[in-house]
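Read through the structure below, which is laid out as structure tokens, and then see the notes.
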Amino acid sequence: MDHDLSPEVNELRDMVRSFLDRKAPESAVREAMDSELGRDQAVWQQMAGQLGLQGLLVPEELGGQGTTFVEVGVVLEELGRSLLPGPYLSSAVLAVSAVLESGDAAAASDLLPGLAEGTTIGTVAFSQGLTGRPGESTVSATRAGDQWKLDGRVDIVLDAQGADLLLVVAPAGEELGLFAVTSAAAGIERTPLDLLDRSRRAALVELEGVEARRLGGDYAAAEQRLLSLAASGIVCELAGASQRILEMAVDYAKLREQFGKPIGSFQAVKHLCAEMFVTAESTTAVGRFAARTAVEDPAELAQAASIAKAYAGEACSLAAEQNIQVHGGIGFTWEHPAHLYLRKIKSGELLFGGSALHRERLATLLGLTVDAGSAANAQDMAEVVGV
Amino acid sequence: MSPTDELREFLDAHLPAFRAEWGDDPSFEGRLAWQGILQTGRWVAPTWAVEHGGRGLDVVAGLACSEVLTEYGAPGTAGIFGVANVGPTIAQWGTDEQKKHLPGILDGSELWCQGFSEPGSGSDLASLQTRAVLDGDEFVIDGQKIWTSDGTRAHYMQLLVRTDPDAPKHKGISSLLVPLDTPGIERRAIKQINGGTGFAEVFFTGVRVPASSLLGPINEGWRVTMTTLGHERSGVVLSASSMQRQVREIVETYRVDRRGSELEPALRDELIRRYVEGRVVGVLGERSLASIKATGQPGAEQSIIKLEWSLLSQRLSRTRVALAGTDALVGNDLESMDGYLTARSATIAGGTTEVMRNILAQRVLGLPA
């Protein structure tokens, strides 16, 4: 029982963990990673049908559970722990949140039931913030009568290959818009990328005159919130993954003997494990803090998400490296799962902004930088007053 | 009225007059005077039992009161070792006669220290060698203590001595309550790397105290002491929230709209790192508080907070010096340099980082000794 979660959320966590213990042993995880689809479709359907996990954020009247990001957070922890491959973050978390953030009720009733059932796989093509590089998306939208058309390229879209629904954030004139595109639409080119993390997929997406439906109005603030949710969600995954590698390292340190005794009796190894423990507990605490903030204090979400991501990205990558160090040679083999966690965690560190980027974002949020807008303004003022 | 409201009312009534007399950063004598004033409202240790001078509040309410005191910037408790450590141990193990010390501990008329470390017993405290031999109805004490906080100004000491040299090291230790004006006791201040003198060496030569000085059962001093350390449990929550407050304050200081310019990027990044680390410790503290509320125990976060708090204290002190630059060297910013020097003790006092990691690995993770 974790006292920073309600009894109900503890129960959900236990249920998901026991489900994944049964359905996602390492052999099944590896099989799904190597499969065409990148997921075990039967398990995906059970998650939706039996456990209702894909619908956690979807309102009850649209076929979901109507719960919050706190519930989603513990599911992501468990997925991070088990490494179950699949588009849960892309579809059940980000695509659902993207639609909800648009405030477009008609689109919500059209799109959310399928996402909740797991029969529709959705993903989000961000206009910025996933790679953090300038020009990561060149997509723009133009109006064509009642319809919109999208043109351009997005460097990385998570789980795009198997998605039925692409939610594309792109400039539409002066505004930023959210656009829904079905995978059947003409003019979509998806080139699979070889993502380090084998528990999810990614593609480069090119759009040429693709017909799209616009959801809601200006999406600029909504995309920022969505990016904060993405960062928070990744930290929850990192929390589960770092808890698991801690267990792996400790179990191995108790078992493996050298110089006639368990390696865990040597202080140097103890200290590695102790540091991993600090990282796992701290990441769990900040992941839940970010998730809680998303629900209880949305105005503070941007800061909470950046604190969590700035801390957890670097710390968990170090822990994943330390886990391999504790395992020695066996940890360097393809057969051993240590590298699967390193891949998951390293990807998590860099997707949606690495630690340095989030520290920069915090500097802005905390007023330690002259933000671009007011600097330009000061420049204008200087010219006006002839300084 | 809730305890915190009542405390606010008390502070509103008494703190301004105190500040007028002693200033915002009172000396030890000032803090001692404040402790006396605070105790007239029974606010020095509100979690203590009513009959001992407290208010019988639970740990969560006690923490809320501490937060209010911090919010008001009230002076810290002068006789902190008596209030935080010795008092609760006497309350648990003491005879009725020994419990008569408790009111004095609270109002500051009795200052206490703890005689634990010895020259040969630092991290391995249980190897301590100071002897106490029962001679009739008196213990005769010989040996030396070191790193005794408040050792020169205290009136009394909770002393750990070896009473059974043949027993395994944890089993032959007893705890004695010793007035420090007893003949045969010599005290010397230790000058620290920052020039200050918070610690003492205390020498015992044929010191005689009555057998009734024994606190708790004979040869059970280790267990008795662990109770004392146990009373520091909720302290980690306060350390965590204080760390969170510190990083928030320092970031405020360097806001562009306050300072007029940006820090250079590398320094700014270092400062934000400290901010992130401080907020993480704060979040761990909140998690620990949730655990205390539910179970009365702080959970696994307790050991992590102590460890991370000490490491972060050092990093933060380093960052403060980096921000102060040469001002820290030439005395224009004495506080940052003193903080930097003082912070060296954060990873030594109360358990070195290395020993804490061992303990964490063995007791929490179950790795072999």
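Letters for chains follow the order of the structure tokens (A, B, ...), residue numbers begin at 1 for each chain, and ligand numbers begin at 1 in the order shown.
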
Tell me as a ChimeraX atom specification which residues belonging to chain A come within 9 Å of chain B, counting only C-alpha atoms.
/A:2-4,247,250-251,253-254,262-267,270-275,277-278,281-283,285-286,289,306-308,310-311,356,359-360,362-363,366-370

Report as a list in words all protein, DNA and RNA residues lying within 10 Å of Asp24 (chain B), evaluated on only C-alpha atoms, omitting residues in the same chain fewer than 3 positions from it.
Pro16, Phe18, Arg19, Ala20, Glu21, Ser27, Gly73, Ala74 and Pro75 of chain B

Could you turn the residues from that selection into a file that holds N, CA and C atoms, as a compact mmCIF listing (two decimals), in the first residue's frame?
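Printed below is result.txt as written:
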```
# COMPACT_ATOMS: atom_id res chain seq x y z
N PRO B 16 6.60 40.14 17.90
CA PRO B 16 7.06 41.52 17.62
C PRO B 16 7.86 42.11 18.78
N PHE B 18 9.54 40.50 21.07
CA PHE B 18 10.83 39.81 21.14
C PHE B 18 11.80 40.38 20.10
N ARG B 19 11.30 40.56 18.87
CA ARG B 19 12.16 41.08 17.79
C ARG B 19 12.67 42.49 18.11
N ALA B 20 11.79 43.27 18.73
CA ALA B 20 12.19 44.63 19.08
C ALA B 20 13.38 44.60 20.03
N GLU B 21 13.42 43.59 20.91
CA GLU B 21 14.50 43.52 21.88
C GLU B 21 15.75 42.83 21.31
N SER B 27 21.09 36.16 18.98
CA SER B 27 22.20 35.37 19.51
C SER B 27 21.65 34.15 20.23
N GLY B 73 9.20 32.84 10.74
CA GLY B 73 10.62 33.12 10.93
C GLY B 73 10.99 33.19 12.40
N ALA B 74 10.29 32.40 13.23
CA ALA B 74 10.57 32.40 14.67
C ALA B 74 11.96 31.81 14.90
N PRO B 75 12.67 32.27 15.94
CA PRO B 75 14.01 31.74 16.21
C PRO B 75 13.97 30.24 16.49
```

Find the distance between CA of Gly23 (chain B) and CA of Ala78 (chain B) and write it in Å to one decimal.
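These two atoms are separated by 15.7 Å.
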
From region 201-335 of chain A, collect each residue whose DSSP state is strand (DSSP E) and return the set as number ranges by chain.
A: 202-215, 257-258, 261-262

Might you pull out every residue within 12 Å of Arg8 (chain B), with only C-alpha atoms counted and same-chain residues fewer than 5 positions away left off, and present them as a list in words?
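Non-adjacent residues within range: Met1, Ser2, Pro3, Ala13, His14, Leu15, Leu38, Gly41, Trp43, Ala64, Cys65, Ser66, Glu67, Val68, Leu69, Thr70, Glu71, Tyr72, Gly73 and Ala74 of chain B.
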
Figure out the distance between CA of Met248 (chain A) and CA of Ala268 (chain A), please, to one decimal in Å.
16.9 Å

Show which residues sit within 9 Å of Lys344 (chain A), as a PDB file with C-alpha atoms, in the first residue's frame. Count only C-alpha atoms, and ignore same-chain residues fewer than 6 positions away.
```
ATOM      1  CA  GLY A  80       7.328   0.727 -17.619  1.00  0.00           C
ATOM      2  CA  LEU A  83       8.045  -3.300 -20.734  1.00  0.00           C
ATOM      3  CA  LEU A 196      16.130   2.584 -29.500  1.00  0.00           C
ATOM      4  CA  ASP A 197      13.230   1.621 -27.215  1.00  0.00           C
ATOM      5  CA  ARG A 198      11.906  -1.678 -28.540  1.00  0.00           C
ATOM      6  CA  SER A 199       8.680  -1.376 -26.538  1.00  0.00           C
ATOM      7  CA  ARG A 200       7.282   1.254 -28.863  1.00  0.00           C
ATOM      8  CA  GLU A 237       7.050   4.905 -17.069  1.00  0.00           C
ATOM      9  CA  LEU A 238      10.579   5.651 -15.887  1.00  0.00           C
ATOM     10  CA  ALA A 241      11.218   0.759 -15.078  1.00  0.00           C
TER      11      ALA A 241
END
```

Apply DSSP to the structure's backbone, then extract all residues of region 185-375 of chain A labelled alpha helix (DSSP H) and return them as a count of residues only.
121

Hey, what's within 10 Å of Gly87 (chain B) if we count only C-alpha atoms and toss same-chain stuff fewer than 3 positions away? As a PDB file with N, CA and C atoms, in the first residue's frame, please?
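File written: result.pdb
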```pdb
ATOM      1  N   ALA B  45       7.455  22.053  22.450  1.00  0.00           N
ATOM      2  CA  ALA B  45       7.333  20.670  21.961  1.00  0.00           C
ATOM      3  C   ALA B  45       5.876  20.239  22.092  1.00  0.00           C
ATOM      4  N   TRP B  48       4.724  16.662  22.907  1.00  0.00           N
ATOM      5  CA  TRP B  48       4.948  16.007  24.200  1.00  0.00           C
ATOM      6  C   TRP B  48       3.630  15.910  24.971  1.00  0.00           C
ATOM      7  N   HIS B  52       4.019  16.569  30.712  1.00  0.00           N
ATOM      8  CA  HIS B  52       5.443  16.911  30.594  1.00  0.00           C
ATOM      9  C   HIS B  52       5.664  18.323  30.050  1.00  0.00           C
ATOM     10  N   ILE B  80      18.117  22.584  21.652  1.00  0.00           N
ATOM     11  CA  ILE B  80      17.512  21.663  20.691  1.00  0.00           C
ATOM     12  C   ILE B  80      17.785  20.190  21.004  1.00  0.00           C
ATOM     13  N   PHE B  81      18.987  19.881  21.556  1.00  0.00           N
ATOM     14  CA  PHE B  81      19.291  18.459  21.779  1.00  0.00           C
ATOM     15  C   PHE B  81      18.478  17.884  22.926  1.00  0.00           C
ATOM     16  N   GLY B  82      18.194  18.722  23.915  1.00  0.00           N
ATOM     17  CA  GLY B  82      17.315  18.275  24.985  1.00  0.00           C
ATOM     18  C   GLY B  82      15.890  18.085  24.483  1.00  0.00           C
ATOM     19  N   VAL B  83      15.426  19.075  23.724  1.00  0.00           N
ATOM     20  CA  VAL B  83      14.032  19.044  23.281  1.00  0.00           C
ATOM     21  C   VAL B  83      13.815  17.924  22.246  1.00  0.00           C
ATOM     22  N   ALA B  84      14.739  17.830  21.264  1.00  0.00           N
ATOM     23  CA  ALA B  84      14.509  16.888  20.171  1.00  0.00           C
ATOM     24  C   ALA B  84      14.881  15.457  20.543  1.00  0.00           C
ATOM     25  N   ILE B  90      13.968  10.470  27.880  1.00  0.00           N
ATOM     26  CA  ILE B  90      13.655  10.459  29.317  1.00  0.00           C
ATOM     27  C   ILE B  90      12.163  10.187  29.522  1.00  0.00           C
ATOM     28  N   ALA B  91      11.332  10.810  28.677  1.00  0.00           N
ATOM     29  CA  ALA B  91       9.883  10.605  28.817  1.00  0.00           C
ATOM     30  C   ALA B  91       9.540   9.130  28.672  1.00  0.00           C
ATOM     31  N   GLN B  92      10.263   8.437  27.788  1.00  0.00           N
ATOM     32  CA  GLN B  92       9.950   7.022  27.561  1.00  0.00           C
ATOM     33  C   GLN B  92      10.574   6.097  28.610  1.00  0.00           C
ATOM     34  N   TRP B  93      11.824   6.373  28.995  1.00  0.00           N
ATOM     35  CA  TRP B  93      12.558   5.426  29.835  1.00  0.00           C
ATOM     36  C   TRP B  93      12.770   5.912  31.260  1.00  0.00           C
ATOM     37  N   GLY B  94      12.574   7.173  31.514  1.00  0.00           N
ATOM     38  CA  GLY B  94      13.015   7.749  32.778  1.00  0.00           C
ATOM     39  C   GLY B  94      12.153   7.365  33.982  1.00  0.00           C
ATOM     40  N   LYS B  99      12.177  12.298  35.275  1.00  0.00           N
ATOM     41  CA  LYS B  99      11.223  13.081  34.475  1.00  0.00           C
ATOM     42  C   LYS B  99      11.076  14.520  34.973  1.00  0.00           C
ATOM     43  N   HIS B 101      13.305  16.509  35.020  1.00  0.00           N
ATOM     44  CA  HIS B 101      14.106  17.343  34.118  1.00  0.00           C
ATOM     45  C   HIS B 101      13.266  17.939  32.981  1.00  0.00           C
ATOM     46  N   LEU B 102      12.150  17.316  32.673  1.00  0.00           N
ATOM     47  CA  LEU B 102      11.443  17.666  31.428  1.00  0.00           C
ATOM     48  C   LEU B 102      10.988  19.135  31.358  1.00  0.00           C
ATOM     49  N   PRO B 103      10.388  19.679  32.432  1.00  0.00           N
ATOM     50  CA  PRO B 103       9.969  21.095  32.324  1.00  0.00           C
ATOM     51  C   PRO B 103      11.151  22.020  32.044  1.00  0.00           C
ATOM     52  N   GLY B 104      12.305  21.749  32.678  1.00  0.00           N
ATOM     53  CA  GLY B 104      13.492  22.580  32.467  1.00  0.00           C
ATOM     54  C   GLY B 104      14.020  22.469  31.041  1.00  0.00           C
ATOM     55  N   ILE B 105      13.921  21.263  30.481  1.00  0.00           N
ATOM     56  CA  ILE B 105      14.348  21.074  29.083  1.00  0.00           C
ATOM     57  C   ILE B 105      13.489  21.935  28.162  1.00  0.00           C
ATOM     58  N   LEU B 106      12.197  21.987  28.454  1.00  0.00           N
ATOM     59  CA  LEU B 106      11.303  22.754  27.583  1.00  0.00           C
ATOM     60  C   LEU B 106      11.474  24.259  27.731  1.00  0.00           C
ATOM     61  N   TRP B 112      20.885  20.446  27.444  1.00  0.00           N
ATOM     62  CA  TRP B 112      21.402  19.073  27.417  1.00  0.00           C
ATOM     63  C   TRP B 112      22.251  18.832  26.172  1.00  0.00           C
ATOM     64  N   GLN B 158      23.387  13.304  28.288  1.00  0.00           N
ATOM     65  CA  GLN B 158      22.987  11.897  28.212  1.00  0.00           C
ATOM     66  C   GLN B 158      24.210  11.171  27.681  1.00  0.00           C
ATOM     67  N   THR B 228      16.008   7.363  21.043  1.00  0.00           N
ATOM     68  CA  THR B 228      16.335   8.771  20.824  1.00  0.00           C
ATOM     69  C   THR B 228      16.415   9.055  19.338  1.00  0.00           C
ATOM     70  N   HIS B 231      13.262   9.331  17.534  1.00  0.00           N
ATOM     71  CA  HIS B 231      12.498  10.568  17.659  1.00  0.00           C
ATOM     72  C   HIS B 231      12.848  11.566  16.565  1.00  0.00           C
TER      73      HIS B 231
END
```

Neighbour list for His336 (chain A) as a PyMOL selection string, cut-off 12 Å, only C-alpha atoms, skip fewer than 5 positions in-chain:
chain A and resi 26-27+30+245+248+323-324+327-331+341-342

Interatomic distance (Å, one decimal) between CA of Val326 (chain A) and CA of Ala24 (chain A):
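Between CA of Val326 (chain A) and CA of Ala24 (chain A) the gap works out to 24.7 Å.
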